[in-house]
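S.K.: Just my_file.cif, nothing more (mmCIF, C-alpha atoms, pLDDT in the B column; chains and numbers go by the auth columns):
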data_coords
loop_
_atom_site.group_PDB
_atom_site.id
_atom_site.type_symbol
_atom_site.label_atom_id
_atom_site.label_comp_id
_atom_site.label_asym_id
_atom_site.label_seq_id
_atom_site.Cartn_x
_atom_site.Cartn_y
_atom_site.Cartn_z
_atom_site.B_iso_or_equiv
_atom_site.auth_seq_id
_atom_site.auth_asym_id
ATOM 1 C CA MET A 1 14.972 17.001 25.603 50.00 747 T
ATOM 2 C CA ASP A 2 12.041 16.537 27.992 56.00 748 T
ATOM 3 C CA ASP A 3 11.521 20.309 28.101 65.00 749 T
ATOM 4 C CA ASN A 4 11.043 20.319 24.340 76.00 750 T
ATOM 5 C CA LEU A 5 8.231 17.738 24.625 73.00 751 T
ATOM 6 C CA HIS A 6 6.253 20.050 26.891 80.00 752 T
ATOM 7 C CA SER A 7 7.092 23.392 25.337 90.00 753 T
ATOM 8 C CA PRO A 8 4.324 25.861 24.489 90.00 754 T
ATOM 9 C CA HIS A 9 5.408 25.822 20.841 93.00 755 T
ATOM 10 C CA ARG A 10 5.007 22.053 20.651 95.00 756 T
ATOM 11 C CA ARG A 11 1.601 22.299 22.356 94.00 757 T
ATOM 12 C CA LEU A 12 0.549 24.878 19.772 95.00 758 T
ATOM 13 C CA ILE A 13 1.548 22.547 16.941 95.00 759 T
ATOM 14 C CA GLU A 14 -0.374 19.674 18.526 96.00 760 T
ATOM 15 C CA LEU A 15 -3.481 21.836 18.913 97.00 761 T
ATOM 16 C CA ARG A 16 -3.294 22.977 15.279 97.00 762 T
ATOM 17 C CA ILE A 17 -2.991 19.376 14.104 97.00 763 T
ATOM 18 C CA GLU A 18 -5.961 18.316 16.210 97.00 764 T
ATOM 19 C CA HIS A 19 -7.977 21.277 14.887 97.00 765 T
ATOM 20 C CA ALA A 20 -7.167 20.320 11.290 97.00 766 T
ATOM 21 C CA ASP A 21 -8.115 16.699 11.985 97.00 767 T
ATOM 22 C CA LEU A 22 -11.452 17.831 13.389 96.00 768 T
ATOM 23 C CA ASP A 23 -12.038 19.998 10.315 95.00 769 T
ATOM 24 C CA GLN A 24 -11.606 16.963 8.082 94.00 770 T
ATOM 25 C CA LEU A 25 -13.780 14.785 10.303 92.00 771 T
ATOM 26 C CA ILE A 26 -16.563 17.367 10.410 91.00 772 T
ATOM 27 C CA ASP A 27 -16.494 17.816 6.640 89.00 773 T
ATOM 28 C CA ARG A 28 -16.578 14.068 6.067 87.00 774 T
ATOM 29 C CA ASN A 29 -19.413 13.468 8.541 83.00 775 T
ATOM 30 C CA ALA A 30 -21.472 16.361 7.235 79.00 776 T
ATOM 31 C CA SER A 31 -21.442 14.888 3.745 79.00 777 T
ATOM 32 C CA ASP A 32 -21.566 11.171 4.605 72.00 778 T
ATOM 33 C CA ARG A 33 -24.053 11.057 7.465 68.00 779 T
ATOM 34 C CA PRO A 34 -25.947 14.324 7.818 63.00 780 T
ATOM 35 C CA GLN A 35 -28.490 12.654 10.112 73.00 781 T
ATOM 36 C CA ASP A 36 -26.062 12.478 13.079 81.00 782 T
ATOM 37 C CA GLU A 37 -26.516 16.079 14.205 86.00 783 T
ATOM 38 C CA LEU A 38 -25.581 15.494 17.856 87.00 784 T
ATOM 39 C CA MET A 39 -22.157 14.106 16.999 88.00 785 T
ATOM 40 C CA LEU A 40 -21.587 16.897 14.491 89.00 786 T
ATOM 41 C CA ARG A 41 -22.459 19.554 17.091 92.00 787 T
ATOM 42 C CA ARG A 42 -20.077 17.966 19.610 93.00 788 T
ATOM 43 C CA LEU A 43 -17.257 17.911 17.072 93.00 789 T
ATOM 44 C CA LYS A 44 -17.879 21.550 16.163 94.00 790 T
ATOM 45 C CA LYS A 45 -17.922 22.548 19.823 97.00 791 T
ATOM 46 C CA ARG A 46 -14.597 20.781 20.401 97.00 792 T
ATOM 47 C CA ARG A 47 -13.170 22.524 17.325 96.00 793 T
ATOM 48 C CA LEU A 48 -14.246 25.926 18.719 97.00 794 T
ATOM 49 C CA LEU A 49 -12.648 25.148 22.076 97.00 795 T
ATOM 50 C CA LEU A 50 -9.429 24.206 20.307 97.00 796 T
ATOM 51 C CA ARG A 51 -9.503 27.419 18.278 97.00 797 T
ATOM 52 C CA ASP A 52 -9.899 29.452 21.472 97.00 798 T
ATOM 53 C CA GLU A 53 -7.057 27.584 23.168 97.00 799 T
ATOM 54 C CA ILE A 54 -4.845 28.112 20.105 96.00 800 T
ATOM 55 C CA ALA A 55 -5.613 31.847 20.156 96.00 801 T
ATOM 56 C CA ARG A 56 -4.788 32.105 23.880 95.00 802 T
ATOM 57 C CA LEU A 57 -1.527 30.246 23.440 94.00 803 T
ATOM 58 C CA GLU A 58 -0.542 32.353 20.410 93.00 804 T
ATOM 59 C CA ALA A 59 -1.250 35.524 22.378 92.00 805 T
ATOM 60 C CA ALA A 60 0.865 34.294 25.280 90.00 806 T
ATOM 61 C CA LEU A 61 3.752 33.345 23.004 88.00 807 T
ATOM 62 C CA ASP A 62 3.635 36.521 20.919 86.00 808 T
ATOM 63 C CA PRO A 63 2.145 39.330 23.043 76.00 809 T
ATOM 64 C CA PRO A 64 1.052 42.483 21.194 72.00 810 T
ATOM 65 C CA GLU A 65 3.582 45.271 21.033 73.00 811 T
ATOM 66 C CA PRO A 66 2.796 48.416 23.008 74.00 812 T
ATOM 67 C CA ALA A 67 1.486 51.343 20.992 61.00 813 T
#
Starting from the file, give its structure as structure tokens.
M.R.:
Amino acid sequence: MDDNLHSPHRRLIELRIEHADLDQLIDRNASDRPQDELMLRRLKKRRLLLRDEIARLEAALDPPEPA
């Protein structure tokens, strides 16, 4: 059971959820308070880092097939 809590597949799901949450937060803040550019840039940077981590994890879980 404990192994399932720390599995790469579960981590991937958690990262995707966090990425989606950031998407919603960025969209909401961009329309509600466009004057807070620093916070918006930080959120976007975090979202990019998450996207990169998701891509690395997906590549590790499903490596490309040899040609």
S.K.: With a distance cut-off of 9 Å and only C-alpha atoms, select the neighbouring residues of region 787-802 of chain T, excluding the residue or stretch itself and same-chain residues fewer than 2 positions from it, and output the selection as a PyMOL selection string.
M.R.: chain T and resi 757-758+761-762+764-766+768-769+771-772+782-785+804-807
S.K.: Could those selected residues go to a file with C-alpha atoms, as a PDB file, in the frame of the given file?
M.R.:
ATOM      1  CA  ARG T 757       1.601  22.299  22.356  1.00 94.00           C
ATOM      2  CA  LEU T 758       0.549  24.878  19.772  1.00 95.00           C
ATOM      3  CA  LEU T 761      -3.481  21.836  18.913  1.00 97.00           C
ATOM      4  CA  ARG T 762      -3.294  22.977  15.279  1.00 97.00           C
ATOM      5  CA  GLU T 764      -5.961  18.316  16.210  1.00 97.00           C
ATOM      6  CA  HIS T 765      -7.977  21.277  14.887  1.00 97.00           C
ATOM      7  CA  ALA T 766      -7.167  20.320  11.290  1.00 97.00           C
ATOM      8  CA  LEU T 768     -11.452  17.831  13.389  1.00 96.00           C
ATOM      9  CA  ASP T 769     -12.038  19.998  10.315  1.00 95.00           C
ATOM     10  CA  LEU T 771     -13.780  14.785  10.303  1.00 92.00           C
ATOM     11  CA  ILE T 772     -16.563  17.367  10.410  1.00 91.00           C
ATOM     12  CA  ASP T 782     -26.062  12.478  13.079  1.00 81.00           C
ATOM     13  CA  GLU T 783     -26.516  16.079  14.205  1.00 86.00           C
ATOM     14  CA  LEU T 784     -25.581  15.494  17.856  1.00 87.00           C
ATOM     15  CA  MET T 785     -22.157  14.106  16.999  1.00 88.00           C
ATOM     16  CA  GLU T 804      -0.542  32.353  20.410  1.00 93.00           C
ATOM     17  CA  ALA T 805      -1.250  35.524  22.378  1.00 92.00           C
ATOM     18  CA  ALA T 806       0.865  34.294  25.280  1.00 90.00           C
ATOM     19  CA  LEU T 807       3.752  33.345  23.004  1.00 88.00           C
TER      20      LEU T 807
END
S.K.: Would you work out the distance separating CA of Leu803 (chain T) from CA of Asp773 (chain T), expressed in Å to one decimal?
M.R.: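 Taking CA of Leu803 (chain T) and CA of Asp773 (chain T), their separation equals 25.7 Å.
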S.K.: Can you measure CA of Asp808 (chain T) to CA of Ser753 (chain T) for me? One decimal in Å is fine.
M.R.: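 Between CA of Asp808 (chain T) and CA of Ser753 (chain T) the gap works out to 14.3 Å.
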S.K.: Can you measure CA of His755 (chain T) to CA of Asp767 (chain T) for me? One decimal in Å is fine.
M.R.: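 CA of Asp767 (chain T) lies at a distance of 18.6 Å from CA of His755 (chain T).
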S.K.: For region 773-802 of chain T, supply N, CA and C atoms and format the output as a PDB file, in the coordinates of the input.
M.R.:
ATOM      1  N   ASP T 773     -16.132  17.764   8.058  1.00 89.00           N
ATOM      2  CA  ASP T 773     -16.494  17.816   6.640  1.00 89.00           C
ATOM      3  C   ASP T 773     -16.960  16.456   6.132  1.00 89.00           C
ATOM      4  N   ARG T 774     -16.235  15.419   6.508  1.00 87.00           N
ATOM      5  CA  ARG T 774     -16.578  14.068   6.067  1.00 87.00           C
ATOM      6  C   ARG T 774     -17.930  13.627   6.623  1.00 87.00           C
ATOM      7  N   ASN T 775     -18.155  13.891   7.918  1.00 83.00           N
ATOM      8  CA  ASN T 775     -19.413  13.468   8.541  1.00 83.00           C
ATOM      9  C   ASN T 775     -20.593  14.282   8.048  1.00 83.00           C
ATOM     10  N   ALA T 776     -20.381  15.526   7.727  1.00 79.00           N
ATOM     11  CA  ALA T 776     -21.472  16.361   7.235  1.00 79.00           C
ATOM     12  C   ALA T 776     -21.957  15.866   5.878  1.00 79.00           C
ATOM     13  N   SER T 777     -21.043  15.361   5.071  1.00 79.00           N
ATOM     14  CA  SER T 777     -21.442  14.888   3.745  1.00 79.00           C
ATOM     15  C   SER T 777     -21.874  13.425   3.750  1.00 79.00           C
ATOM     16  N   ASP T 778     -21.258  12.606   4.595  1.00 72.00           N
ATOM     17  CA  ASP T 778     -21.566  11.171   4.605  1.00 72.00           C
ATOM     18  C   ASP T 778     -22.831  10.838   5.388  1.00 72.00           C
ATOM     19  N   ARG T 779     -22.920  11.403   6.595  1.00 68.00           N
ATOM     20  CA  ARG T 779     -24.053  11.057   7.465  1.00 68.00           C
ATOM     21  C   ARG T 779     -24.654  12.329   8.058  1.00 68.00           C
ATOM     22  N   PRO T 780     -25.402  13.074   7.287  1.00 63.00           N
ATOM     23  CA  PRO T 780     -25.947  14.324   7.818  1.00 63.00           C
ATOM     24  C   PRO T 780     -26.999  14.116   8.908  1.00 63.00           C
ATOM     25  N   GLN T 781     -27.453  12.889   9.114  1.00 73.00           N
ATOM     26  CA  GLN T 781     -28.490  12.654  10.112  1.00 73.00           C
ATOM     27  C   GLN T 781     -27.943  12.655  11.542  1.00 73.00           C
ATOM     28  N   ASP T 782     -26.645  12.543  11.737  1.00 81.00           N
ATOM     29  CA  ASP T 782     -26.062  12.478  13.079  1.00 81.00           C
ATOM     30  C   ASP T 782     -25.694  13.883  13.560  1.00 81.00           C
ATOM     31  N   GLU T 783     -26.714  14.681  13.826  1.00 86.00           N
ATOM     32  CA  GLU T 783     -26.516  16.079  14.205  1.00 86.00           C
ATOM     33  C   GLU T 783     -25.844  16.238  15.564  1.00 86.00           C
ATOM     34  N   LEU T 784     -26.159  15.380  16.517  1.00 87.00           N
ATOM     35  CA  LEU T 784     -25.581  15.494  17.856  1.00 87.00           C
ATOM     36  C   LEU T 784     -24.060  15.324  17.811  1.00 87.00           C
ATOM     37  N   MET T 785     -23.600  14.318  17.095  1.00 88.00           N
ATOM     38  CA  MET T 785     -22.157  14.106  16.999  1.00 88.00           C
ATOM     39  C   MET T 785     -21.498  15.288  16.286  1.00 88.00           C
ATOM     40  N   LEU T 786     -22.135  15.780  15.243  1.00 89.00           N
ATOM     41  CA  LEU T 786     -21.587  16.897  14.491  1.00 89.00           C
ATOM     42  C   LEU T 786     -21.491  18.148  15.372  1.00 89.00           C
ATOM     43  N   ARG T 787     -22.506  18.394  16.177  1.00 92.00           N
ATOM     44  CA  ARG T 787     -22.459  19.554  17.091  1.00 92.00           C
ATOM     45  C   ARG T 787     -21.351  19.406  18.119  1.00 92.00           C
ATOM     46  N   ARG T 788     -21.147  18.197  18.633  1.00 93.00           N
ATOM     47  CA  ARG T 788     -20.077  17.966  19.610  1.00 93.00           C
ATOM     48  C   ARG T 788     -18.700  18.184  18.989  1.00 93.00           C
ATOM     49  N   LEU T 789     -18.527  17.709  17.761  1.00 93.00           N
ATOM     50  CA  LEU T 789     -17.257  17.911  17.072  1.00 93.00           C
ATOM     51  C   LEU T 789     -17.002  19.396  16.823  1.00 93.00           C
ATOM     52  N   LYS T 790     -18.029  20.113  16.425  1.00 94.00           N
ATOM     53  CA  LYS T 790     -17.879  21.550  16.163  1.00 94.00           C
ATOM     54  C   LYS T 790     -17.566  22.313  17.444  1.00 94.00           C
ATOM     55  N   LYS T 791     -18.198  21.897  18.541  1.00 97.00           N
ATOM     56  CA  LYS T 791     -17.922  22.548  19.823  1.00 97.00           C
ATOM     57  C   LYS T 791     -16.474  22.315  20.248  1.00 97.00           C
ATOM     58  N   ARG T 792     -15.995  21.095  20.073  1.00 97.00           N
ATOM     59  CA  ARG T 792     -14.597  20.781  20.401  1.00 97.00           C
ATOM     60  C   ARG T 792     -13.654  21.598  19.526  1.00 97.00           C
ATOM     61  N   ARG T 793     -13.997  21.746  18.247  1.00 96.00           N
ATOM     62  CA  ARG T 793     -13.170  22.524  17.325  1.00 96.00           C
ATOM     63  C   ARG T 793     -13.111  23.989  17.769  1.00 96.00           C
ATOM     64  N   LEU T 794     -14.236  24.544  18.226  1.00 97.00           N
ATOM     65  CA  LEU T 794     -14.246  25.926  18.719  1.00 97.00           C
ATOM     66  C   LEU T 794     -13.392  26.075  19.972  1.00 97.00           C
ATOM     67  N   LEU T 795     -13.471  25.103  20.863  1.00 97.00           N
ATOM     68  CA  LEU T 795     -12.648  25.148  22.076  1.00 97.00           C
ATOM     69  C   LEU T 795     -11.168  25.103  21.724  1.00 97.00           C
ATOM     70  N   LEU T 796     -10.822  24.278  20.754  1.00 97.00           N
ATOM     71  CA  LEU T 796      -9.429  24.206  20.307  1.00 97.00           C
ATOM     72  C   LEU T 796      -8.986  25.533  19.701  1.00 97.00           C
ATOM     73  N   ARG T 797      -9.845  26.139  18.901  1.00 97.00           N
ATOM     74  CA  ARG T 797      -9.503  27.419  18.278  1.00 97.00           C
ATOM     75  C   ARG T 797      -9.253  28.484  19.343  1.00 97.00           C
ATOM     76  N   ASP T 798     -10.095  28.496  20.382  1.00 97.00           N
ATOM     77  CA  ASP T 798      -9.899  29.452  21.472  1.00 97.00           C
ATOM     78  C   ASP T 798      -8.593  29.188  22.220  1.00 97.00           C
ATOM     79  N   GLU T 799      -8.294  27.924  22.462  1.00 97.00           N
ATOM     80  CA  GLU T 799      -7.057  27.584  23.168  1.00 97.00           C
ATOM     81  C   GLU T 799      -5.834  27.953  22.323  1.00 97.00           C
ATOM     82  N   ILE T 800      -5.931  27.731  21.011  1.00 96.00           N
ATOM     83  CA  ILE T 800      -4.845  28.112  20.105  1.00 96.00           C
ATOM     84  C   ILE T 800      -4.637  29.626  20.159  1.00 96.00           C
ATOM     85  N   ALA T 801      -5.717  30.385  20.125  1.00 96.00           N
ATOM     86  CA  ALA T 801      -5.613  31.847  20.156  1.00 96.00           C
ATOM     87  C   ALA T 801      -4.985  32.329  21.469  1.00 96.00           C
ATOM     88  N   ARG T 802      -5.372  31.725  22.589  1.00 95.00           N
ATOM     89  CA  ARG T 802      -4.788  32.105  23.880  1.00 95.00           C
ATOM     90  C   ARG T 802      -3.295  31.805  23.922  1.00 95.00           C
TER      91      ARG T 802
END
